[in-house]
$ cat coords-v6.pdb   # PDB, C-alpha atoms and all ligand atoms
MODEL        1
ATOM      1  CA  MET L   1     121.321 112.231 124.036
ATOM      2  CA  THR L   2     122.415 115.216 126.171
ATOM      3  CA  ASP L   3     125.986 115.610 127.409
ATOM      4  CA  PHE L   4     124.728 115.290 130.962
ATOM      5  CA  LEU L   5     122.916 112.013 130.239
ATOM      6  CA  ASP L   6     126.005 110.697 128.517
ATOM      7  CA  TYR L   7     128.125 111.675 131.522
ATOM      8  CA  LEU L   8     125.666 110.128 134.013
ATOM      9  CA  GLU L   9     125.431 106.848 132.108
ATOM     10  CA  THR L  10     129.195 106.556 131.803
ATOM     11  CA  GLU L  11     129.966 107.426 135.420
ATOM     12  CA  SER L  12     127.165 105.372 136.994
ATOM     13  CA  GLY L  13     127.339 102.470 134.558
ATOM     14  CA  GLN L  14     123.516 102.506 134.398
ATOM     15  CA  PRO L  15     121.434 102.340 131.200
ATOM     16  CA  ILE L  16     119.424 105.463 132.073
ATOM     17  CA  SER L  17     118.143 105.989 128.540
ATOM     18  CA  ARG L  18     116.378 102.601 128.670
ATOM     19  CA  CYS L  19     114.006 103.776 131.430
ATOM     20  CA  PHE L  20     110.398 103.858 130.213
ATOM     21  CA  GLN L  21     108.927 105.357 133.398
ATOM     22  CA  CYS L  22     107.035 102.306 134.655
ATOM     23  CA  LYS L  23     107.522 103.593 138.263
ATOM     24  CA  LYS L  24     108.225 100.156 139.719
ATOM     25  CA  CYS L  25     111.341 101.623 141.358
ATOM     26  CA  SER L  26     109.404 104.328 143.192
ATOM     27  CA  GLY L  27     106.753 101.818 144.253
ATOM     28  CA  GLY L  28     109.313  99.996 146.402
ATOM     29  CA  CYS L  29     111.632 102.841 147.362
ATOM     30  CA  PRO L  30     111.615 103.210 151.181
ATOM     31  CA  VAL L  31     112.417 106.938 151.107
ATOM     32  CA  SER L  32     109.785 107.909 148.511
ATOM     33  CA  ALA L  33     107.467 109.316 151.152
ATOM     34  CA  TYR L  34     110.120 111.721 152.446
ATOM     35  CA  SER L  35     111.453 113.109 149.208
ATOM     36  CA  ASP L  36     110.011 115.766 146.910
ATOM     37  CA  ILE L  37     110.847 113.762 143.786
ATOM     38  CA  LYS L  38     110.576 109.986 143.451
ATOM     39  CA  ALA L  39     113.161 107.567 142.111
ATOM     40  CA  HIS L  40     111.626 107.338 138.605
ATOM     41  CA  GLN L  41     111.521 111.153 138.420
ATOM     42  CA  ALA L  42     115.224 111.343 139.232
ATOM     43  CA  VAL L  43     115.915 109.041 136.290
ATOM     44  CA  ARG L  44     113.725 111.191 134.052
ATOM     45  CA  LEU L  45     115.616 114.345 135.071
ATOM     46  CA  GLY L  46     118.805 112.555 134.087
ATOM     47  CA  GLN L  47     117.326 111.584 130.719
ATOM     48  CA  LEU L  48     116.301 115.170 130.046
ATOM     49  CA  GLY L  49     119.675 116.572 131.098
ATOM     50  CA  ARG L  50     118.079 118.666 133.859
ATOM     51  CA  GLU L  51     121.220 118.704 135.953
ATOM     52  CA  GLU L  52     120.391 121.566 138.305
ATOM     53  CA  GLU L  53     117.070 120.041 139.363
ATOM     54  CA  LEU L  54     118.671 116.684 140.003
ATOM     55  CA  ILE L  55     121.514 118.212 142.008
ATOM     56  CA  SER L  56     119.068 120.063 144.255
ATOM     57  CA  ALA L  57     116.766 117.067 144.829
ATOM     58  CA  PRO L  58     116.701 115.842 148.452
ATOM     59  CA  LEU L  59     116.401 112.260 147.129
ATOM     60  CA  VAL L  60     120.123 112.423 146.309
ATOM     61  CA  TRP L  61     120.818 112.552 150.050
ATOM     62  CA  TYR L  62     117.882 110.504 151.335
ATOM     63  CA  CYS L  63     118.698 107.426 149.227
ATOM     64  CA  ILE L  64     119.957 104.657 151.514
ATOM     65  CA  GLY L  65     121.413 102.519 148.755
ATOM     66  CA  CYS L  66     119.076  99.588 149.462
ATOM     67  CA  LYS L  67     118.960  98.673 145.713
ATOM     68  CA  THR L  68     115.235  97.876 145.839
ATOM     69  CA  CYS L  69     114.868 100.010 142.710
ATOM     70  CA  GLN L  70     117.371  97.869 140.834
ATOM     71  CA  THR L  71     115.694  94.652 141.955
ATOM     72  CA  ARG L  72     112.304  95.855 140.734
ATOM     73  CA  CYS L  73     113.416  97.609 137.548
ATOM     74  CA  PRO L  74     112.772  95.675 134.299
ATOM     75  CA  ASN L  75     115.969  97.276 132.955
ATOM     76  CA  GLY L  76     118.023  96.598 136.094
ATOM     77  CA  ILE L  77     118.708 100.290 136.710
ATOM     78  CA  ASP L  78     120.415 100.971 140.042
ATOM     79  CA  ILE L  79     119.261 104.476 140.903
ATOM     80  CA  SER L  80     121.544 104.719 143.935
ATOM     81  CA  ALA L  81     124.538 104.470 141.570
ATOM     82  CA  ILE L  82     123.190 107.448 139.611
ATOM     83  CA  LEU L  83     122.597 109.426 142.790
ATOM     84  CA  ASP L  84     126.098 108.567 144.029
ATOM     85  CA  VAL L  85     127.539 110.260 140.939
ATOM     86  CA  ILE L  86     125.542 113.407 141.742
ATOM     87  CA  LYS L  87     126.567 113.251 145.399
ATOM     88  CA  GLY L  88     130.250 112.970 144.454
ATOM     89  CA  GLN L  89     129.892 115.868 142.042
ATOM     90  CA  VAL L  90     128.325 118.123 144.676
ATOM     91  CA  LEU L  91     130.867 117.240 147.357
ATOM     92  CA  ALA L  92     133.848 117.539 145.011
ATOM     93  CA  ASN L  93     132.769 121.000 143.881
ATOM     94  CA  ARG L  94     131.688 122.080 147.333
ATOM     95  CA  GLY L  95     128.622 123.203 145.423
ATOM     96  CA  MET L  96     126.235 123.438 148.348
ATOM     97  CA  PRO L  97     128.108 124.920 151.325
ATOM     98  CA  GLY L  98     125.962 125.147 154.448
ATOM     99  CA  LYS L  99     123.092 123.105 152.978
ATOM    100  CA  PRO L 100     121.844 120.691 155.660
ATOM    101  CA  LEU L 101     121.726 117.438 153.676
ATOM    102  CA  PRO L 102     125.207 117.569 152.084
ATOM    103  CA  ALA L 103     126.598 118.931 155.359
ATOM    104  CA  PHE L 104     125.141 115.985 157.283
ATOM    105  CA  HIS L 105     126.521 113.551 154.728
ATOM    106  CA  GLU L 106     129.985 115.097 154.890
ATOM    107  CA  SER L 107     129.979 115.140 158.709
ATOM    108  CA  PHE L 108     128.914 111.488 158.839
ATOM    109  CA  LEU L 109     131.638 110.352 156.426
ATOM    110  CA  ALA L 110     134.305 112.471 158.165
ATOM    111  CA  SER L 111     133.397 110.837 161.472
ATOM    112  CA  VAL L 112     133.544 107.292 160.080
ATOM    113  CA  LYS L 113     136.849 108.035 158.369
ATOM    114  CA  ARG L 114     138.391 109.338 161.561
ATOM    115  CA  HIS L 115     137.025 106.864 164.111
ATOM    116  CA  GLY L 116     136.247 103.742 162.085
ATOM    117  CA  ARG L 117     132.544 104.150 162.906
ATOM    118  CA  VAL L 118     130.345 107.122 163.590
ATOM    119  CA  TYR L 119     131.130 109.148 166.745
ATOM    120  CA  GLU L 120     127.756 110.793 167.283
ATOM    121  CA  LEU L 121     128.764 113.834 169.338
ATOM    122  CA  GLY L 122     131.707 114.664 167.052
ATOM    123  CA  MET L 123     129.470 114.262 164.022
ATOM    124  CA  VAL L 124     126.851 116.627 165.475
ATOM    125  CA  ILE L 125     129.530 119.255 166.231
ATOM    126  CA  GLY L 126     130.946 118.871 162.705
ATOM    127  CA  TYR L 127     127.453 119.247 161.245
ATOM    128  CA  LYS L 128     126.650 122.322 163.361
ATOM    129  CA  TRP L 129     129.938 123.886 162.348
ATOM    130  CA  ARG L 130     129.157 123.346 158.661
ATOM    131  CA  VAL L 131     125.617 124.727 158.756
ATOM    132  CA  LYS L 132     126.204 127.354 161.482
ATOM    133  CA  ARG L 133     122.975 126.456 163.244
ATOM    134  CA  TRP L 134     124.298 126.063 166.758
ATOM    135  CA  THR L 135     121.099 126.234 168.785
ATOM    136  CA  GLU L 136     118.733 124.302 166.501
ATOM    137  CA  ASP L 137     117.611 120.953 168.043
ATOM    138  CA  LYS L 138     119.245 121.937 171.342
ATOM    139  CA  GLU L 139     116.481 120.334 173.463
ATOM    140  CA  LEU L 140     116.640 117.094 171.475
ATOM    141  CA  GLY L 141     120.419 116.993 171.884
ATOM    142  CA  LEU L 142     120.173 117.495 175.644
ATOM    143  CA  LYS L 143     117.553 114.746 175.941
ATOM    144  CA  MET L 144     119.739 112.331 173.977
ATOM    145  CA  PHE L 145     122.715 113.245 176.128
ATOM    146  CA  ALA L 146     120.697 112.668 179.344
ATOM    147  CA  LYS L 147     119.669 109.210 178.052
ATOM    148  CA  GLY L 148     123.266 108.303 177.296
ATOM    149  CA  LYS L 149     122.742 108.279 173.526
ATOM    150  CA  LEU L 150     125.600 110.738 172.930
ATOM    151  CA  SER L 151     128.822 109.603 174.531
ATOM    152  CA  LEU L 152     131.513 112.182 175.291
ATOM    153  CA  LEU L 153     134.280 110.086 173.794
ATOM    154  CA  PRO L 154     134.413 108.059 170.568
ATOM    155  CA  HIS L 155     133.965 104.284 170.817
ATOM    156  CA  ARG L 156     137.143 102.336 170.245
ATOM    157  CA  VAL L 157     136.857  99.994 167.291
ATOM    158  CA  SER L 158     139.349  97.734 165.607
ATOM    159  CA  GLY L 159     140.124  98.047 161.912
ATOM    160  CA  ARG L 160     140.346 101.854 161.820
ATOM    161  CA  ARG L 161     143.344 101.658 159.516
ATOM    162  CA  GLN L 162     141.411  99.500 157.054
ATOM    163  CA  VAL L 163     138.514 101.954 157.090
ATOM    164  CA  ARG L 164     140.916 104.823 156.298
ATOM    165  CA  GLU L 165     142.404 102.757 153.478
ATOM    166  CA  LEU L 166     138.910 102.231 152.122
ATOM    167  CA  PHE L 167     138.360 105.993 152.082
ATOM    168  CA  GLN L 168     141.721 106.481 150.387
ATOM    169  CA  LEU L 169     140.823 103.911 147.731
ATOM    170  CA  HIS L 170     137.523 105.647 146.956
ATOM    171  CA  LYS L 171     139.235 109.047 146.923
ATOM    172  CA  VAL L 172     141.711 107.788 144.344
ATOM    173  CA  ARG L 173     138.766 106.584 142.272
ATOM    174  CA  GLY L 174     137.126 109.991 142.702
ATOM    175  CA  GLU L 175     134.029 108.490 144.341
ATOM    176  CA  ILE L 176     134.202 110.459 147.573
ATOM    177  CA  ASN L 177     135.860 113.596 148.778
ATOM    178  CA  GLY L 178     137.965 114.356 151.857
TER     179      GLY L 178
HETATM  180  S1  LIG G   1     111.712 100.717 137.394
HETATM  181 FE1  LIG G   1     113.346 101.118 135.890
HETATM  182  S2  LIG G   1     112.287 101.436 133.947
HETATM  183 FE2  LIG G   1     110.755 101.641 135.583
HETATM  184  S3  LIG G   1     110.706 103.835 136.057
HETATM  185 FE3  LIG G   1     112.164 102.921 137.475
HETATM  186  S4  LIG G   1     114.156 103.117 136.482
HETATM  187 FE4  LIG G   1     112.588 103.453 134.905
HETATM  188  S1  LIG G   2     118.565 102.466 146.384
HETATM  189 FE1  LIG G   2     117.860 104.567 146.862
HETATM  190  S2  LIG G   2     116.514 105.115 145.155
HETATM  191 FE2  LIG G   2     116.771 102.882 145.093
HETATM  192  S3  LIG G   2     115.017 102.063 146.262
HETATM  193 FE3  LIG G   2     116.731 102.250 147.700
HETATM  194  S4  LIG G   2     116.503 104.285 148.629
HETATM  195 FE4  LIG G   2     115.195 104.257 146.771
ENDMDL
END
$ encode --input "coords-v6.pdb" --output "structure tokens"
Amino acid sequence: MTDFLDYLETESGQPISRCFQCKKCSGGCPVSAYSDIKAHQAVRLGQLGREEELISAPLVWYCIGCKTCQTRCPNGIDISAILDVIKGQVLANRGMPGKPLPAFHESFLASVKRHGRVYELGMVIGYKWRVKRWTEDKELGLKMFAKGKLSLLPHRVSGRRQVRELFQLHKVRGEING
């Protein structure tokens, strides 16, 4: 067993070494079509200790945590839990500054933490600031604004304090950054 596999199994609580590559997870994964590697391949990279390849895989950021993989897996492996460990590692080390997927993820979480739910315009500005791509998707943004999809001000929601406490709790546990 590699050190990386040992670390991943401990942190995610998933029996990664039991995976026998049946691919049932990837067969049901809703983001398979959009990612360069599939769910079962992510598990294999973990087994082989190929940390760098796993860290750079878009699947880490595309995974929506639906747990279909876990439901289908004969070993009950929750791949989203494994990918969450990688995500936390990348964000904690600021290992991918300016990369679109981690930057989007960070901007989304920062917006939810601040406003209790996502404030779309603020999130877009935060994302643009992180990736320094100010003019990309300009036309799309203007269209959304014209259709009222991007409000100028954040929506007021109740329970913002509880949401912040939730973030604080996860930060203490080292699960998220910021
Ligand atoms: S379903 Fe489970 S055992 Fe099969 S490839 Fe996926 S993680 Fe491995
Ligand atoms: S939890 Fe993630 S990896 Fe598992 S099926 Fe859903 S999107 Fe795919």
$ residues_around --input "coords-v6.pdb" --residues "Gly122 of chain L" --least-positions-apart "5" --cutoff "12 Å" --atoms "only C-alpha atoms" --output "PyMOL selection string"
chain L and resi 104+107-112+114-115+117+127-129+150-155
$ closest_residue --input "coords-v6.pdb" --among "L:Ala103, L:Ala146, L:Ile86, L:Leu5" --to "Ile55 of chain L" --atoms "all atoms listed in the file"
L:Ile86
$ closest_atom_pairs --input "coords-v6.pdb" --of "chain L" --to "ligand LIG 2 (chain G)" --cutoff "8 Å" --atoms "all atoms listed in the file" --output "Markdown table"
| residue | atom | partner | partner_atom | distance |
| --- | --- | --- | --- | --- |
| L:Cys25 | CA | G:LIG2 | S3 | 6.1 |
| L:Ser26 | CA | G:LIG2 | S3 | 6.8 |
| L:Gly28 | CA | G:LIG2 | S3 | 6.1 |
| L:Cys29 | CA | G:LIG2 | S3 | 3.6 |
| L:Pro30 | CA | G:LIG2 | S4 | 5.6 |
| L:Val31 | CA | G:LIG2 | S4 | 5.5 |
| L:Ser32 | CA | G:LIG2 | FE4 | 6.8 |
| L:Lys38 | CA | G:LIG2 | S2 | 7.9 |
| L:Ala39 | CA | G:LIG2 | S2 | 5.1 |
| L:Leu59 | CA | G:LIG2 | S2 | 7.4 |
| L:Tyr62 | CA | G:LIG2 | S4 | 6.9 |
| L:Cys63 | CA | G:LIG2 | FE1 | 3.8 |
| L:Ile64 | CA | G:LIG2 | S4 | 4.5 |
| L:Gly65 | CA | G:LIG2 | S1 | 3.7 |
| L:Cys66 | CA | G:LIG2 | FE3 | 4.0 |
| L:Lys67 | CA | G:LIG2 | S1 | 3.9 |
| L:Thr68 | CA | G:LIG2 | S3 | 4.2 |
| L:Cys69 | CA | G:LIG2 | S3 | 4.1 |
| L:Gln70 | CA | G:LIG2 | FE2 | 6.6 |
| L:Asp78 | CA | G:LIG2 | FE2 | 6.5 |
| L:Ile79 | CA | G:LIG2 | S2 | 5.1 |
| L:Ser80 | CA | G:LIG2 | S1 | 4.5 |
| L:Ala81 | CA | G:LIG2 | S1 | 7.9 |
| L:Leu83 | CA | G:LIG2 | S2 | 7.8 |
$ closest_residue --input "coords-v6.pdb" --among "L:Ala42, L:Met123, L:Leu91, L:Val157" --to "ligand LIG 1 (chain G)" --atoms "all atoms listed in the file"
L:Ala42
$ residues_around --input "coords-v6.pdb" --residues "Ala57 of chain L" --least-positions-apart "5" --cutoff "12 Å" --atoms "only C-alpha atoms" --output "list in words"
Tyr34, Ser35, Asp36, Ile37, Lys38, Ala39, Gln41, Ala42, Val43, Leu45, Gly46, Arg50, Glu51, Glu52, Tyr62, Cys63, Leu83, Ile86, Lys87, Val90, Met96, Lys99, Leu101 and Pro102 of chain L
$ closest_residue --input "coords-v6.pdb" --among "L:Phe167, L:Tyr119, L:Trp134, L:Phe20" --to "ligand LIG 1 (chain G)" --atoms "all atoms listed in the file"
L:Phe20
$ residues_near_ligand --input "coords-v6.pdb" --ligand "ligand LIG 1 (chain G)" --cutoff "6 Å" --atoms "all atoms listed in the file" --output "PyMOL selection string"
chain L and resi 19-25+40+72-75+77
$ write_last_selection --input "coords-v6.pdb" --atoms "C-alpha atoms" --output "short mmCIF file (atom, residue, chain, number, x, y, z; two decimals), keeping the file's coordinate frame"
data_model
loop_
_atom_site.label_atom_id
_atom_site.label_comp_id
_atom_site.auth_asym_id
_atom_site.auth_seq_id
_atom_site.Cartn_x
_atom_site.Cartn_y
_atom_site.Cartn_z
CA CYS L 19 114.01 103.78 131.43
CA PHE L 20 110.40 103.86 130.21
CA GLN L 21 108.93 105.36 133.40
CA CYS L 22 107.04 102.31 134.66
CA LYS L 23 107.52 103.59 138.26
CA LYS L 24 108.22 100.16 139.72
CA CYS L 25 111.34 101.62 141.36
CA HIS L 40 111.63 107.34 138.60
CA ARG L 72 112.30 95.86 140.73
CA CYS L 73 113.42 97.61 137.55
CA PRO L 74 112.77 95.68 134.30
CA ASN L 75 115.97 97.28 132.96
CA ILE L 77 118.71 100.29 136.71
#
$ atom_distance --input "coords-v6.pdb" --atom1 "atom CA of Pro15 of chain L" --atom2 "atom CA of Trp61 of chain L"
21.4 Å
$ build_atoms --input "coords-v6.pdb" --residues "segment 142-169 of chain L" --atoms "N, CA and C atoms" --output "JSON list (two decimals), in the coordinates of the input"
[["chain", "number", "residue", "atom", "x", "y", "z"],
["L", 142, "LEU", "N", 120.03, 117.64, 174.19],
["L", 142, "LEU", "CA", 120.17, 117.50, 175.64],
["L", 142, "LEU", "C", 119.46, 116.24, 176.14],
["L", 143, "LYS", "N", 118.29, 115.97, 175.55],
["L", 143, "LYS", "CA", 117.55, 114.75, 175.94],
["L", 143, "LYS", "C", 118.36, 113.50, 175.61],
["L", 144, "MET", "N", 118.94, 113.50, 174.39],
["L", 144, "MET", "CA", 119.74, 112.33, 173.98],
["L", 144, "MET", "C", 120.95, 112.16, 174.89],
["L", 145, "PHE", "N", 121.54, 113.29, 175.25],
["L", 145, "PHE", "CA", 122.72, 113.24, 176.13],
["L", 145, "PHE", "C", 122.32, 112.67, 177.49],
["L", 146, "ALA", "N", 121.18, 113.14, 178.03],
["L", 146, "ALA", "CA", 120.70, 112.67, 179.34],
["L", 146, "ALA", "C", 120.41, 111.17, 179.31],
["L", 147, "LYS", "N", 119.98, 110.65, 178.17],
["L", 147, "LYS", "CA", 119.67, 109.21, 178.05],
["L", 147, "LYS", "C", 120.89, 108.38, 177.69],
["L", 148, "GLY", "N", 122.03, 109.03, 177.60],
["L", 148, "GLY", "CA", 123.27, 108.30, 177.30],
["L", 148, "GLY", "C", 123.42, 107.93, 175.84],
["L", 149, "LYS", "N", 122.66, 108.60, 174.96],
["L", 149, "LYS", "CA", 122.74, 108.28, 173.53],
["L", 149, "LYS", "C", 123.91, 108.99, 172.85],
["L", 150, "LEU", "N", 124.45, 110.01, 173.51],
["L", 150, "LEU", "CA", 125.60, 110.74, 172.93],
["L", 150, "LEU", "C", 126.76, 110.61, 173.91],
["L", 151, "SER", "N", 127.70, 109.75, 173.59],
["L", 151, "SER", "CA", 128.82, 109.60, 174.53],
["L", 151, "SER", "C", 129.85, 110.72, 174.30],
["L", 152, "LEU", "N", 130.54, 111.08, 175.38],
["L", 152, "LEU", "CA", 131.51, 112.18, 175.29],
["L", 152, "LEU", "C", 132.72, 111.81, 174.44],
["L", 153, "LEU", "N", 133.09, 110.53, 174.53],
["L", 153, "LEU", "CA", 134.28, 110.09, 173.79],
["L", 153, "LEU", "C", 133.90, 109.10, 172.69],
["L", 154, "PRO", "N", 134.71, 109.04, 171.63],
["L", 154, "PRO", "CA", 134.41, 108.06, 170.57],
["L", 154, "PRO", "C", 134.58, 106.62, 171.06],
["L", 155, "HIS", "N", 133.81, 105.71, 170.47],
["L", 155, "HIS", "CA", 133.96, 104.28, 170.82],
["L", 155, "HIS", "C", 135.25, 103.78, 170.15],
["L", 156, "ARG", "N", 135.92, 102.90, 170.85],
["L", 156, "ARG", "CA", 137.14, 102.34, 170.24],
["L", 156, "ARG", "C", 136.75, 101.13, 169.39],
["L", 157, "VAL", "N", 137.16, 101.14, 168.15],
["L", 157, "VAL", "CA", 136.86, 99.99, 167.29],
["L", 157, "VAL", "C", 138.15, 99.52, 166.63],
["L", 158, "SER", "N", 138.17, 98.24, 166.31],
["L", 158, "SER", "CA", 139.35, 97.73, 165.61],
["L", 158, "SER", "C", 139.16, 98.00, 164.11],
["L", 159, "GLY", "N", 140.23, 97.92, 163.37],
["L", 159, "GLY", "CA", 140.12, 98.05, 161.91],
["L", 159, "GLY", "C", 140.03, 99.48, 161.42],
["L", 160, "ARG", "N", 140.45, 100.46, 162.28],
["L", 160, "ARG", "CA", 140.35, 101.85, 161.82],
["L", 160, "ARG", "C", 141.26, 102.13, 160.62],
["L", 161, "ARG", "N", 142.41, 101.46, 160.63],
["L", 161, "ARG", "CA", 143.34, 101.66, 159.52],
["L", 161, "ARG", "C", 142.71, 101.18, 158.21],
["L", 162, "GLN", "N", 142.05, 100.04, 158.26],
["L", 162, "GLN", "CA", 141.41, 99.50, 157.05],
["L", 162, "GLN", "C", 140.31, 100.43, 156.55],
["L", 163, "VAL", "N", 139.58, 101.03, 157.50],
["L", 163, "VAL", "CA", 138.51, 101.95, 157.09],
["L", 163, "VAL", "C", 139.14, 103.15, 156.38],
["L", 164, "ARG", "N", 140.25, 103.68, 156.95],
["L", 164, "ARG", "CA", 140.92, 104.82, 156.30],
["L", 164, "ARG", "C", 141.41, 104.44, 154.90],
["L", 165, "GLU", "N", 141.93, 103.22, 154.79],
["L", 165, "GLU", "CA", 142.40, 102.76, 153.48],
["L", 165, "GLU", "C", 141.26, 102.69, 152.46],
["L", 166, "LEU", "N", 140.11, 102.30, 152.98],
["L", 166, "LEU", "CA", 138.91, 102.23, 152.12],
["L", 166, "LEU", "C", 138.57, 103.63, 151.60],
["L", 167, "PHE", "N", 138.63, 104.61, 152.50],
["L", 167, "PHE", "CA", 138.36, 105.99, 152.08],
["L", 167, "PHE", "C", 139.39, 106.44, 151.05],
["L", 168, "GLN", "N", 140.65, 106.08, 151.30],
["L", 168, "GLN", "CA", 141.72, 106.48, 150.39],
["L", 168, "GLN", "C", 141.48, 105.88, 149.00],
["L", 169, "LEU", "N", 141.08, 104.62, 148.99],
["L", 169, "LEU", "CA", 140.82, 103.91, 147.73],
["L", 169, "LEU", "C", 139.73, 104.62, 146.94]]
